[in-house]
Amino acid sequence: GTCCGLGIVHRAYHVLEEYTVLLRDGSAEEVKTDRWNQRPPPPKGEENSEYHNIEFRYFGQRELGVISGIRPGDLVQAHFAVKQRRRSGVEPASPEEPLIKSTRTEAALVINTTVQTVAVNFTSDYVVSILPRSFVVDVTNLTLPRERPVHTEL
């Protein structure tokens, strides 16, 4: 099944109102049709010749809900992770402890996104960080219309 989960839109055909979605977080592979996934294996030696016949699963606008419009290349405001120390004040915090969000934000360039994280390059000091999505100020959805636009054929 290709239903009901979070994913990253890979290709957007806005005029056609069709979109492809990545199969897994961190993958470059797109979701394919059930017919493609259930086809018999190709004959030996012809495994790579099927590339141009791949049947991608195209999702319509009604099948997708945008949770974030942040894309690689976007300039955003992001909180940085503040260093923390153990209670003794000497030992560094363990990697298992949750990150502490800074109170202020800084401009950052988005390098990559996954469902859970956003990789950014802070423009003030060129430090690259992989942050939880909650650390990035997402203003992309503020410009979305309150209701989906209705398209009527004349």
# chains A, B, ... in the order shown; residues from 1 in each chain; ligands from 1

$ select_by_dssp --residues "segment 22-116 of chain A" --states "helix (DSSP H, G or I)" --output "PDB file with all heavy atoms, in the first residue's frame"
ATOM      1  N   ASP A  34       1.212  -0.143  -7.680  1.00  0.00           N
ATOM      2  CA  ASP A  34       1.129  -1.532  -7.217  1.00  0.00           C
ATOM      3  C   ASP A  34       1.412  -2.493  -8.365  1.00  0.00           C
ATOM      4  O   ASP A  34       2.054  -3.519  -8.180  1.00  0.00           O
ATOM      5  CB  ASP A  34      -0.249  -1.822  -6.617  1.00  0.00           C
ATOM      6  CG  ASP A  34      -0.424  -1.148  -5.259  1.00  0.00           C
ATOM      7  OD1 ASP A  34       0.595  -0.868  -4.593  1.00  0.00           O
ATOM      8  OD2 ASP A  34      -1.578  -0.900  -4.875  1.00  0.00           O
ATOM      9  N   ARG A  35       0.939  -2.166  -9.572  1.00  0.00           N
ATOM     10  CA  ARG A  35       1.182  -3.033 -10.736  1.00  0.00           C
ATOM     11  C   ARG A  35       2.684  -3.188 -10.988  1.00  0.00           C
ATOM     12  O   ARG A  35       3.172  -4.278 -11.246  1.00  0.00           O
ATOM     13  CB  ARG A  35       0.480  -2.462 -11.966  1.00  0.00           C
ATOM     14  CG  ARG A  35       0.619  -3.362 -13.192  1.00  0.00           C
ATOM     15  CD  ARG A  35      -0.208  -2.875 -14.316  1.00  0.00           C
ATOM     16  NE  ARG A  35       0.444  -1.741 -14.964  1.00  0.00           N
ATOM     17  CZ  ARG A  35       0.098  -1.284 -16.145  1.00  0.00           C
ATOM     18  NH1 ARG A  35      -0.914  -1.832 -16.799  1.00  0.00           N
ATOM     19  NH2 ARG A  35       0.722  -0.271 -16.676  1.00  0.00           N
ATOM     20  N   TRP A  36       3.435  -2.102 -10.857  1.00  0.00           N
ATOM     21  CA  TRP A  36       4.884  -2.155 -11.068  1.00  0.00           C
ATOM     22  C   TRP A  36       5.546  -2.995  -9.978  1.00  0.00           C
ATOM     23  O   TRP A  36       6.421  -3.818 -10.255  1.00  0.00           O
ATOM     24  CB  TRP A  36       5.472  -0.745 -11.073  1.00  0.00           C
ATOM     25  CG  TRP A  36       6.960  -0.751 -11.181  1.00  0.00           C
ATOM     26  CD1 TRP A  36       7.867  -0.625 -10.163  1.00  0.00           C
ATOM     27  CD2 TRP A  36       7.734  -0.945 -12.363  1.00  0.00           C
ATOM     28  NE1 TRP A  36       9.139  -0.710 -10.637  1.00  0.00           N
ATOM     29  CE2 TRP A  36       9.090  -0.901 -11.992  1.00  0.00           C
ATOM     30  CE3 TRP A  36       7.404  -1.129 -13.700  1.00  0.00           C
ATOM     31  CZ2 TRP A  36      10.119  -1.042 -12.912  1.00  0.00           C
ATOM     32  CZ3 TRP A  36       8.432  -1.265 -14.614  1.00  0.00           C
ATOM     33  CH2 TRP A  36       9.772  -1.227 -14.221  1.00  0.00           C
ATOM     34  N   ASN A  37       5.111  -2.808  -8.736  1.00  0.00           N
ATOM     35  CA  ASN A  37       5.722  -3.535  -7.617  1.00  0.00           C
ATOM     36  C   ASN A  37       5.441  -5.027  -7.675  1.00  0.00           C
ATOM     37  O   ASN A  37       6.208  -5.824  -7.148  1.00  0.00           O
ATOM     38  CB  ASN A  37       5.228  -2.966  -6.289  1.00  0.00           C
ATOM     39  CG  ASN A  37       5.794  -1.583  -6.021  1.00  0.00           C
ATOM     40  OD1 ASN A  37       6.886  -1.254  -6.459  1.00  0.00           O
ATOM     41  ND2 ASN A  37       5.038  -0.776  -5.314  1.00  0.00           N
ATOM     42  N   GLU A  47      17.848  -6.562 -16.405  1.00  0.00           N
ATOM     43  CA  GLU A  47      17.413  -5.875 -15.187  1.00  0.00           C
ATOM     44  C   GLU A  47      17.430  -4.359 -15.346  1.00  0.00           C
ATOM     45  O   GLU A  47      16.537  -3.667 -14.888  1.00  0.00           O
ATOM     46  CB  GLU A  47      18.288  -6.259 -13.985  1.00  0.00           C
ATOM     47  CG  GLU A  47      18.159  -7.702 -13.568  1.00  0.00           C
ATOM     48  CD  GLU A  47      19.178  -8.609 -14.254  1.00  0.00           C
ATOM     49  OE1 GLU A  47      19.882  -8.154 -15.168  1.00  0.00           O
ATOM     50  OE2 GLU A  47      19.257  -9.774 -13.870  1.00  0.00           O
ATOM     51  N   ASN A  48      18.454  -3.825 -16.016  1.00  0.00           N
ATOM     52  CA  ASN A  48      18.594  -2.374 -16.125  1.00  0.00           C
ATOM     53  C   ASN A  48      17.834  -1.787 -17.307  1.00  0.00           C
ATOM     54  O   ASN A  48      17.705  -0.577 -17.412  1.00  0.00           O
ATOM     55  CB  ASN A  48      20.072  -1.993 -16.228  1.00  0.00           C
ATOM     56  CG  ASN A  48      20.818  -2.348 -14.954  1.00  0.00           C
ATOM     57  OD1 ASN A  48      20.252  -2.298 -13.871  1.00  0.00           O
ATOM     58  ND2 ASN A  48      22.079  -2.724 -15.098  1.00  0.00           N
ATOM     59  N   SER A  49      17.324  -2.612 -18.200  1.00  0.00           N
ATOM     60  CA  SER A  49      16.629  -2.093 -19.377  1.00  0.00           C
ATOM     61  C   SER A  49      15.213  -1.616 -19.051  1.00  0.00           C
ATOM     62  O   SER A  49      14.583  -0.965 -19.867  1.00  0.00           O
ATOM     63  CB  SER A  49      16.568  -3.158 -20.472  1.00  0.00           C
ATOM     64  OG  SER A  49      15.774  -4.242 -20.047  1.00  0.00           O
ATOM     65  N   GLU A  50      14.710  -1.924 -17.856  1.00  0.00           N
ATOM     66  CA  GLU A  50      13.350  -1.533 -17.479  1.00  0.00           C
ATOM     67  C   GLU A  50      13.254  -0.121 -16.928  1.00  0.00           C
ATOM     68  O   GLU A  50      12.174   0.367 -16.664  1.00  0.00           O
ATOM     69  CB  GLU A  50      12.813  -2.495 -16.417  1.00  0.00           C
ATOM     70  CG  GLU A  50      12.514  -3.865 -16.936  1.00  0.00           C
ATOM     71  CD  GLU A  50      11.695  -4.633 -15.921  1.00  0.00           C
ATOM     72  OE1 GLU A  50      12.028  -4.566 -14.735  1.00  0.00           O
ATOM     73  OE2 GLU A  50      10.722  -5.258 -16.324  1.00  0.00           O
ATOM     74  N   TYR A  51      14.383   0.554 -16.771  1.00  0.00           N
ATOM     75  CA  TYR A  51      14.401   1.863 -16.118  1.00  0.00           C
ATOM     76  C   TYR A  51      13.407   2.840 -16.735  1.00  0.00           C
ATOM     77  O   TYR A  51      12.691   3.531 -16.037  1.00  0.00           O
ATOM     78  CB  TYR A  51      15.814   2.449 -16.154  1.00  0.00           C
ATOM     79  CG  TYR A  51      15.885   3.832 -15.583  1.00  0.00           C
ATOM     80  CD1 TYR A  51      15.883   4.020 -14.204  1.00  0.00           C
ATOM     81  CD2 TYR A  51      15.931   4.951 -16.404  1.00  0.00           C
ATOM     82  CE1 TYR A  51      15.927   5.290 -13.662  1.00  0.00           C
ATOM     83  CE2 TYR A  51      15.981   6.224 -15.871  1.00  0.00           C
ATOM     84  CZ  TYR A  51      15.979   6.385 -14.499  1.00  0.00           C
ATOM     85  OH  TYR A  51      16.020   7.650 -13.971  1.00  0.00           O
ATOM     86  N   HIS A  52      13.328   2.912 -18.053  1.00  0.00           N
ATOM     87  CA  HIS A  52      12.455   3.882 -18.717  1.00  0.00           C
ATOM     88  C   HIS A  52      10.981   3.486 -18.683  1.00  0.00           C
ATOM     89  O   HIS A  52      10.124   4.281 -19.046  1.00  0.00           O
ATOM     90  CB  HIS A  52      12.903   4.105 -20.167  1.00  0.00           C
ATOM     91  CG  HIS A  52      14.262   4.713 -20.247  1.00  0.00           C
ATOM     92  ND1 HIS A  52      14.520   6.010 -19.874  1.00  0.00           N
ATOM     93  CD2 HIS A  52      15.452   4.202 -20.616  1.00  0.00           C
ATOM     94  CE1 HIS A  52      15.796   6.279 -20.024  1.00  0.00           C
ATOM     95  NE2 HIS A  52      16.394   5.193 -20.472  1.00  0.00           N
ATOM     96  N   ASN A  53      10.679   2.279 -18.233  1.00  0.00           N
ATOM     97  CA  ASN A  53       9.296   1.820 -18.154  1.00  0.00           C
ATOM     98  C   ASN A  53       8.721   1.902 -16.734  1.00  0.00           C
ATOM     99  O   ASN A  53       7.599   1.460 -16.498  1.00  0.00           O
ATOM    100  CB  ASN A  53       9.202   0.370 -18.638  1.00  0.00           C
ATOM    101  CG  ASN A  53       9.624   0.243 -20.085  1.00  0.00           C
ATOM    102  OD1 ASN A  53       9.388   1.126 -20.888  1.00  0.00           O
ATOM    103  ND2 ASN A  53      10.289  -0.861 -20.403  1.00  0.00           N
ATOM    104  N   GLN A  61      -3.685  16.463  -5.626  1.00  0.00           N
ATOM    105  CA  GLN A  61      -3.736  17.410  -4.513  1.00  0.00           C
ATOM    106  C   GLN A  61      -4.615  16.919  -3.377  1.00  0.00           C
ATOM    107  O   GLN A  61      -4.310  17.151  -2.215  1.00  0.00           O
ATOM    108  CB  GLN A  61      -4.271  18.759  -4.990  1.00  0.00           C
ATOM    109  CG  GLN A  61      -3.224  19.632  -5.600  1.00  0.00           C
ATOM    110  CD  GLN A  61      -3.761  21.015  -5.892  1.00  0.00           C
ATOM    111  OE1 GLN A  61      -4.943  21.174  -6.179  1.00  0.00           O
ATOM    112  NE2 GLN A  61      -2.901  22.002  -5.835  1.00  0.00           N
ATOM    113  N   ARG A  62      -5.712  16.250  -3.702  1.00  0.00           N
ATOM    114  CA  ARG A  62      -6.630  15.795  -2.656  1.00  0.00           C
ATOM    115  C   ARG A  62      -6.054  14.656  -1.826  1.00  0.00           C
ATOM    116  O   ARG A  62      -6.544  14.359  -0.752  1.00  0.00           O
ATOM    117  CB  ARG A  62      -7.956  15.372  -3.279  1.00  0.00           C
ATOM    118  CG  ARG A  62      -8.750  16.558  -3.794  1.00  0.00           C
ATOM    119  CD  ARG A  62     -10.117  16.146  -4.318  1.00  0.00           C
ATOM    120  NE  ARG A  62     -10.887  17.288  -4.710  1.00  0.00           N
ATOM    121  CZ  ARG A  62     -10.865  17.840  -5.917  1.00  0.00           C
ATOM    122  NH1 ARG A  62     -10.106  17.322  -6.858  1.00  0.00           N
ATOM    123  NH2 ARG A  62     -11.591  18.899  -6.194  1.00  0.00           N
ATOM    124  N   GLU A  63      -5.017  14.001  -2.349  1.00  0.00           N
ATOM    125  CA  GLU A  63      -4.399  12.891  -1.633  1.00  0.00           C
ATOM    126  C   GLU A  63      -3.253  13.335  -0.730  1.00  0.00           C
ATOM    127  O   GLU A  63      -2.723  12.529   0.022  1.00  0.00           O
ATOM    128  CB  GLU A  63      -3.856  11.869  -2.636  1.00  0.00           C
ATOM    129  CG  GLU A  63      -4.922  11.230  -3.492  1.00  0.00           C
ATOM    130  CD  GLU A  63      -4.322  10.342  -4.554  1.00  0.00           C
ATOM    131  OE1 GLU A  63      -3.921  10.871  -5.608  1.00  0.00           O
ATOM    132  OE2 GLU A  63      -4.250   9.127  -4.310  1.00  0.00           O
TER     133      GLU A  63
END

$ select_by_dssp --residues "segment 54-84 of chain A" --states "strand (DSSP E or B)" --output "MDAnalysis selection string"
chainID A and resid 56 59:60 75:82

$ write_last_selection --atoms "N, CA, C and O atoms" --output "PDB file, in the first residue's frame"
ATOM      1  N   PHE A  56       5.622   5.292 -11.980  1.00  0.00           N
ATOM      2  CA  PHE A  56       5.580   6.026 -10.725  1.00  0.00           C
ATOM      3  C   PHE A  56       4.131   6.229 -10.292  1.00  0.00           C
ATOM      4  O   PHE A  56       3.243   6.340 -11.117  1.00  0.00           O
ATOM      5  N   PHE A  59       0.413  11.284  -7.140  1.00  0.00           N
ATOM      6  CA  PHE A  59      -0.591  11.663  -6.155  1.00  0.00           C
ATOM      7  C   PHE A  59      -1.231  12.970  -6.573  1.00  0.00           C
ATOM      8  O   PHE A  59      -0.542  13.884  -7.036  1.00  0.00           O
ATOM      9  N   GLY A  60      -2.542  13.075  -6.388  1.00  0.00           N
ATOM     10  CA  GLY A  60      -3.251  14.315  -6.666  1.00  0.00           C
ATOM     11  C   GLY A  60      -3.277  15.209  -5.441  1.00  0.00           C
ATOM     12  O   GLY A  60      -2.946  14.770  -4.333  1.00  0.00           O
ATOM     13  N   LEU A  75      15.911  30.030   2.277  1.00  0.00           N
ATOM     14  CA  LEU A  75      16.520  30.772   3.374  1.00  0.00           C
ATOM     15  C   LEU A  75      15.483  30.849   4.492  1.00  0.00           C
ATOM     16  O   LEU A  75      14.355  31.289   4.267  1.00  0.00           O
ATOM     17  N   VAL A  76      15.835  30.361   5.675  1.00  0.00           N
ATOM     18  CA  VAL A  76      14.901  30.280   6.800  1.00  0.00           C
ATOM     19  C   VAL A  76      15.520  30.906   8.044  1.00  0.00           C
ATOM     20  O   VAL A  76      16.710  31.217   8.067  1.00  0.00           O
ATOM     21  N   GLN A  77      14.716  31.056   9.060  1.00  0.00           N
ATOM     22  CA  GLN A  77      15.198  31.405  10.390  1.00  0.00           C
ATOM     23  C   GLN A  77      15.183  30.114  11.200  1.00  0.00           C
ATOM     24  O   GLN A  77      14.196  29.376  11.187  1.00  0.00           O
ATOM     25  N   ALA A  78      16.295  29.836  11.899  1.00  0.00           N
ATOM     26  CA  ALA A  78      16.379  28.583  12.652  1.00  0.00           C
ATOM     27  C   ALA A  78      16.998  28.826  14.021  1.00  0.00           C
ATOM     28  O   ALA A  78      17.886  29.667  14.178  1.00  0.00           O
ATOM     29  N   HIS A  79      16.500  28.079  14.989  1.00  0.00           N
ATOM     30  CA  HIS A  79      17.119  28.061  16.313  1.00  0.00           C
ATOM     31  C   HIS A  79      18.325  27.134  16.231  1.00  0.00           C
ATOM     32  O   HIS A  79      18.313  26.158  15.483  1.00  0.00           O
ATOM     33  N   PHE A  80      19.349  27.414  16.973  1.00  0.00           N
ATOM     34  CA  PHE A  80      20.497  26.512  17.006  1.00  0.00           C
ATOM     35  C   PHE A  80      20.448  25.725  18.312  1.00  0.00           C
ATOM     36  O   PHE A  80      19.764  26.120  19.260  1.00  0.00           O
ATOM     37  N   ALA A  81      21.154  24.621  18.341  1.00  0.00           N
ATOM     38  CA  ALA A  81      21.191  23.788  19.543  1.00  0.00           C
ATOM     39  C   ALA A  81      22.193  24.397  20.516  1.00  0.00           C
ATOM     40  O   ALA A  81      23.328  24.696  20.158  1.00  0.00           O
ATOM     41  N   VAL A  82      21.747  24.613  21.755  1.00  0.00           N
ATOM     42  CA  VAL A  82      22.598  25.194  22.785  1.00  0.00           C
ATOM     43  C   VAL A  82      23.316  24.063  23.504  1.00  0.00           C
ATOM     44  O   VAL A  82      22.702  23.052  23.850  1.00  0.00           O
TER      45      VAL A  82
END

$ residues_around --residues "Tyr19 of chain A" --least-positions-apart "2" --cutoff "6 Å" --atoms "only C-alpha atoms" --output "number ranges by chain"
A: 11-13, 58-59

$ write_last_selection --atoms "N, CA, C and O atoms" --output "PDB file, in the first residue's frame"
ATOM      1  N   ARG A  11       8.869  15.228  -6.881  1.00  0.00           N
ATOM      2  CA  ARG A  11       8.642  16.003  -8.109  1.00  0.00           C
ATOM      3  C   ARG A  11       7.236  16.578  -8.051  1.00  0.00           C
ATOM      4  O   ARG A  11       6.292  15.890  -7.690  1.00  0.00           O
ATOM      5  N   ALA A  12       7.118  17.854  -8.431  1.00  0.00           N
ATOM      6  CA  ALA A  12       5.823  18.534  -8.415  1.00  0.00           C
ATOM      7  C   ALA A  12       5.484  19.015  -9.811  1.00  0.00           C
ATOM      8  O   ALA A  12       6.244  19.772 -10.412  1.00  0.00           O
ATOM      9  N   TYR A  13       4.365  18.550 -10.319  1.00  0.00           N
ATOM     10  CA  TYR A  13       3.841  19.002 -11.606  1.00  0.00           C
ATOM     11  C   TYR A  13       2.596  19.835 -11.289  1.00  0.00           C
ATOM     12  O   TYR A  13       1.482  19.333 -11.277  1.00  0.00           O
ATOM     13  N   TYR A  58       1.547   8.678  -9.074  1.00  0.00           N
ATOM     14  CA  TYR A  58       1.323  10.119  -9.034  1.00  0.00           C
ATOM     15  C   TYR A  58       0.170  10.405  -8.088  1.00  0.00           C
ATOM     16  O   TYR A  58      -0.907   9.837  -8.217  1.00  0.00           O
ATOM     17  N   PHE A  59       0.413  11.284  -7.140  1.00  0.00           N
ATOM     18  CA  PHE A  59      -0.591  11.663  -6.155  1.00  0.00           C
ATOM     19  C   PHE A  59      -1.231  12.970  -6.573  1.00  0.00           C
ATOM     20  O   PHE A  59      -0.542  13.884  -7.036  1.00  0.00           O
TER      21      PHE A  59
END

$ atom_distance --atom1 "atom CA of Ala119 of chain A" --atom2 "atom CA of Gly65 of chain A"
22.2 Å

$ atom_distance --atom1 "atom CA of Lys101 of chain A" --atom2 "atom CA of Pro132 of chain A"
9.8 Å

$ residues_around --residues "Asp125 of chain A" --least-positions-apart "5" --cutoff "12 Å" --atoms "only C-alpha atoms" --output "compact mmCIF listing (two decimals) with N, CA and C atoms, in the first residue's frame"
# COMPACT_ATOMS: atom_id res chain seq x y z
N PHE A 80 19.35 27.41 16.97
CA PHE A 80 20.50 26.51 17.01
C PHE A 80 20.45 25.73 18.31
N GLU A 106 18.58 32.48 13.86
CA GLU A 106 19.55 33.05 12.93
C GLU A 106 19.17 32.62 11.53
N ALA A 107 19.58 33.40 10.55
CA ALA A 107 19.34 33.03 9.15
C ALA A 107 20.14 31.78 8.80
N ALA A 108 19.52 30.89 8.05
CA ALA A 108 20.18 29.65 7.66
C ALA A 108 19.67 29.22 6.29
N LEU A 109 20.53 28.58 5.53
CA LEU A 109 20.17 28.05 4.21
C LEU A 109 19.86 26.58 4.36
N VAL A 120 20.66 22.48 7.89
CA VAL A 120 20.82 23.89 7.53
C VAL A 120 22.28 24.30 7.65

$ closest_residue --among "A:Ser129, A:Thr114, A:Pro98, A:Val66" --to "Ala28 of chain A" --atoms "only C-alpha atoms"
A:Thr114

$ closest_residue --among "A:Gln38, A:Thr33, A:Thr113, A:Ser27" --to "Ile130 of chain A" --atoms "only C-alpha atoms"
A:Thr113
